[in-house]
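See below for the structure under consideration.
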Amino acid sequence: MKIEFAEFELPRSGAVVVGAWEGGVLTGSATRLDQATGGAVARAVAAAPRFHGKKNELIAIIGPPELAVSRIVVAGLGQPDAVDARLLQDLGGNLTAHLNGAGESEASFAIDLGDAAPVKAGDAAAHLAFGAELRSYRFDKYRTTQKPEQRPSLASLTVASASPGEARESYRTLGATAAAVFLTRDLVSEPANTLYPETLAEQAGALAELGLAVEILDEDRLRELGMGAVLGVAQGSVRPPRVVVMEHRGGAPGSPPLGFIGKGVTFDTGGISIKPAAGMGDMKWDMAGAGVVIGLMRLFAARQAKINAVGIVALVENMPSGAAQRPGDIVRSMSGQTIEVLNTDAEGRLVLADALWYCQSRFKPKLMIDLATLTGAVIVALGSQHAGLFSNNDQLADRLLAAGNAVGERLWRLPLADSYDRAIDSDAADVKNISGDRGAGSIIGAQFLQRFVNKVPWAHLDIAGVAWSKKDAPTVPKGATAFGVRLLDRFVAEHYEKAK
């Protein structure tokens, strides 16, 4: 979708959207449009018994003869002092869905806030456009028989602003964020027959064109490094494993980087501990954590973030075969710790164990944050409303919670404790990969990972319930969500790029 910013003028084609405050009070541009249409806007608002100007309320008017537009949409804005970036992004997304549903190909947003709202005119226009862009996403590359009415129709959007130059500047970073989100959504949406460790590594490697330093570790190199946990998961598949290291060097030379680690199981059958057939197709997105890290590193490069950061994704396919890892096997991780594998479907923690150790031992990072679709138990606990957050550092946890609330990617902190840790002591090895009962499954997974952190400030985000959505949200169409890209970028911008 093409997005432009311009000063307000009466549109000559397409759909036009204006705003109304709670109580049905028209904004300035809505008033001008009302005058140009002989009072049609005010009459429509007065005649709509369920429209009160509250947020998320919309009424549509077929284009009146006084103005050459296809339709006028009046959007409720709520109370002026409650308008913020999130509300505007959601409004932009909802309007895009509405206009696509109506078959409109061209639209203008003329939603001026005046001096009543705390958001500047340029920023308001940029956030409206950002929400519209995020909602416009579709993964259609394999669909060949869609009818025209099944395809998105909205191709051109002009967002009016009293400060169009400021809007363009504000949108520069937001547009880069949308591109990173779309990359992650694309990767997570790809089927496993096209996206597997080698091809996903190649896509991550292409980010070198944006200035990232990218290194792809092949199976021989993983063996040299002693990554027995990664290799153990991968040994049942004909697809060899890869670990990709992406470095963004935008901070002071020699300054410790921020570390981001992603689980990249490109397809998870469960291995010998095979999953039920129902729902197994969803396991193409068991690499969502890796997808988020790749998208995040793209964003750092695109907006030239003033930090040093390293992104590490460990990529495997977990398959059952004559060569597959068996329940009861013991593997030696890169840390030297031995792991008794009691369930081959608890494979993500094995992959992350080596990736976390590699990150902290090679890069000596300031902190580490890993993302993984790690446990079904987190879905039982939190549903699709929050991701699970575990951390050994209260300040880090608090900052992540605040960043998640700010962008609408919410986290809920769950506990870590020695009593849980003792549940994964093994009689045959240093640690076992499950506790042996069904209790506290997400916590047990996090406790396992903590054994490979070596006291580095660390957070684990279990995104199993939020990586894929079964229904539309204002800025997130159903499908891959890219949950974590915006959250972590906000976290970094707030706490590691601002002037001290």
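For the structure tokens, the naming scheme is as follows: chains receive sequential letters (A, B, ...) according to their order of presentation, residues are indexed from 1 within each chain, and ligands are indexed from 1 in presentation order.
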
Contacts of range 488-490 of chain A at 9 Å (only C-alpha atoms; same-chain gap of 6+ positions) as a PyMOL selection string: chain A and resi 177+296+299-300+400+403-404+406-407

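Non-sequential neighbours of Ala493 in chain A (distance at most 12 Å, separation of 6 or more positions within a chain, only C-alpha atoms) are Thr173, Leu299, Phe300, Arg303, Gln304, Ala305, Lys306, Ile307, Arg399, Leu400, Ala403, Arg486, Leu487 and Ala499 of chain A.
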
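Reported to one decimal place, the separation of CA of Gly92 in chain A from CA of Asp34 in chain A is 21.7 Å.
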
Atom-to-atom span, CA of Leu371 in chain A and CA of Gly289 in chain A, Å: 4.6 Å

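Across A:Val466, A:Ala377, A:Val233, A:Ala160, the tightest approach to Glu347 in chain A is made by A:Val233 when counting only C-alpha atoms.
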
Residues within 12 Å of range 217-228 of chain A, only C-alpha atoms, excluding chain neighbours under 2 positions, as a PyMOL selection string: chain A and resi 197-198+201-202+205+214-215+230-235+239-246+312-316+325+329-341+350-358+361-362

Who sits within 9 Å of range 257-262 of chain A, only C-alpha atoms, same chain under 3 positions skipped, as a tab-separated table (two decimals) with N, CA and C atoms, in the first residue's frame:
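Saved result, selection_11.tsv, follows:
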```
chain	number	residue	atom	x	y	z
A	247	GLU	N	25.59	-9.30	13.93
A	247	GLU	CA	26.10	-8.24	14.78
A	247	GLU	C	25.76	-6.87	14.19
A	248	HIS	N	25.21	-6.00	15.04
A	248	HIS	CA	24.99	-4.60	14.70
A	248	HIS	C	25.95	-3.78	15.55
A	249	ARG	N	26.80	-3.02	14.92
A	249	ARG	CA	27.83	-2.26	15.63
A	249	ARG	C	27.54	-0.77	15.48
A	251	GLY	N	27.12	1.21	18.43
A	251	GLY	CA	27.48	1.87	19.67
A	251	GLY	C	28.97	2.13	19.76
A	254	GLY	N	33.91	-1.54	21.28
A	254	GLY	CA	34.31	-2.27	22.47
A	254	GLY	C	33.28	-2.34	23.56
A	287	MET	N	9.67	-21.69	14.91
A	287	MET	CA	10.87	-20.86	14.75
A	287	MET	C	10.55	-19.38	14.94
A	288	ALA	N	9.41	-19.07	15.55
A	288	ALA	CA	9.00	-17.67	15.67
A	288	ALA	C	9.99	-16.84	16.48
A	289	GLY	N	10.59	-17.44	17.51
A	289	GLY	CA	11.58	-16.69	18.28
A	289	GLY	C	12.75	-16.25	17.41
A	290	ALA	N	13.22	-17.14	16.56
A	290	ALA	CA	14.29	-16.79	15.62
A	290	ALA	C	13.82	-15.72	14.64
A	291	GLY	N	12.58	-15.84	14.18
A	291	GLY	CA	12.04	-14.85	13.26
A	291	GLY	C	12.02	-13.46	13.87
A	292	VAL	N	11.67	-13.37	15.15
A	292	VAL	CA	11.65	-12.08	15.83
A	292	VAL	C	13.06	-11.50	15.93
A	293	VAL	N	14.03	-12.33	16.28
A	293	VAL	CA	15.41	-11.84	16.40
A	293	VAL	C	15.93	-11.35	15.04
A	294	ILE	N	15.61	-12.07	13.97
A	294	ILE	CA	16.05	-11.64	12.63
A	294	ILE	C	15.38	-10.31	12.27
A	296	LEU	N	14.23	-8.04	14.34
A	296	LEU	CA	14.76	-7.01	15.23
A	296	LEU	C	16.13	-6.53	14.76
A	297	MET	N	16.98	-7.45	14.37
A	297	MET	CA	18.32	-7.06	13.90
A	297	MET	C	18.21	-6.26	12.59
A	307	ILE	N	23.53	1.47	19.24
A	307	ILE	CA	23.86	0.43	20.22
A	307	ILE	C	24.73	-0.62	19.54
A	308	ASN	N	25.37	-1.43	20.34
A	308	ASN	CA	25.95	-2.67	19.87
A	308	ASN	C	24.99	-3.79	20.25
A	309	ALA	N	24.69	-4.63	19.30
A	309	ALA	CA	23.76	-5.74	19.55
A	309	ALA	C	24.21	-6.96	18.79
A	310	VAL	N	23.96	-8.12	19.36
A	310	VAL	CA	24.22	-9.38	18.68
A	310	VAL	C	22.94	-10.21	18.71
A	311	GLY	N	22.56	-10.73	17.57
A	311	GLY	CA	21.41	-11.64	17.47
A	311	GLY	C	21.89	-13.02	17.08
A	312	ILE	N	21.49	-14.02	17.83
A	312	ILE	CA	21.90	-15.40	17.57
A	312	ILE	C	20.65	-16.25	17.43
A	313	VAL	N	20.55	-16.95	16.31
A	313	VAL	CA	19.42	-17.86	16.10
A	313	VAL	C	19.97	-19.26	15.85
A	314	ALA	N	19.45	-20.21	16.60
A	314	ALA	CA	19.85	-21.62	16.47
A	314	ALA	C	18.75	-22.34	15.71
A	315	LEU	N	19.10	-22.91	14.54
A	315	LEU	CA	18.12	-23.41	13.58
A	315	LEU	C	18.25	-24.91	13.42
A	352	LEU	N	18.35	-23.73	22.76
A	352	LEU	CA	18.68	-22.46	23.40
A	352	LEU	C	19.83	-22.60	24.40
A	355	ALA	N	22.90	-22.00	22.47
A	355	ALA	CA	22.93	-20.64	21.93
A	355	ALA	C	23.20	-19.61	23.03
A	356	LEU	N	22.57	-19.79	24.19
A	356	LEU	CA	22.80	-18.88	25.31
A	356	LEU	C	24.25	-18.95	25.78
A	359	CYS	N	26.53	-17.24	23.30
A	359	CYS	CA	26.40	-15.78	23.35
A	359	CYS	C	27.19	-15.21	24.52
A	360	GLN	N	26.99	-15.77	25.72
A	360	GLN	CA	27.63	-15.17	26.89
A	360	GLN	C	29.13	-15.45	26.94
A	363	PHE	N	30.64	-13.23	23.50
A	363	PHE	CA	30.42	-11.79	23.36
A	363	PHE	C	30.41	-11.03	24.68
A	364	LYS	N	30.36	-11.72	25.81
A	364	LYS	CA	30.32	-11.05	27.12
A	364	LYS	C	29.27	-9.93	27.12
A	365	PRO	N	28.01	-10.26	26.83
A	365	PRO	CA	26.99	-9.23	26.62
A	365	PRO	C	26.59	-8.53	27.92
A	366	LYS	N	26.02	-7.34	27.75
A	366	LYS	CA	25.49	-6.57	28.87
A	366	LYS	C	24.27	-7.28	29.44
A	367	LEU	N	23.51	-7.92	28.59
A	367	LEU	CA	22.33	-8.68	28.99
A	367	LEU	C	22.00	-9.65	27.88
A	368	MET	N	21.14	-10.62	28.17
A	368	MET	CA	20.64	-11.56	27.15
A	368	MET	C	19.13	-11.68	27.30
A	369	ILE	N	18.46	-11.66	26.16
A	369	ILE	CA	17.02	-11.90	26.12
A	369	ILE	C	16.77	-12.96	25.07
A	370	ASP	N	16.13	-14.05	25.47
A	370	ASP	CA	15.79	-15.08	24.49
A	370	ASP	C	14.28	-15.11	24.27
A	371	LEU	N	13.91	-15.49	23.07
A	371	LEU	CA	12.50	-15.62	22.70
A	371	LEU	C	12.29	-17.00	22.12
A	372	ALA	N	11.20	-17.64	22.56
A	372	ALA	CA	10.95	-19.01	22.12
A	372	ALA	C	9.48	-19.36	22.27
A	492	VAL	N	14.93	-1.18	23.85
A	492	VAL	CA	16.28	-0.71	23.53
A	492	VAL	C	16.30	0.81	23.39
```

A:Leu401, A:Ala107, A:Ala20, A:Ala132 ranked by distance to Pro474 in chain A, top pick (using only C-alpha atoms): A:Ala132
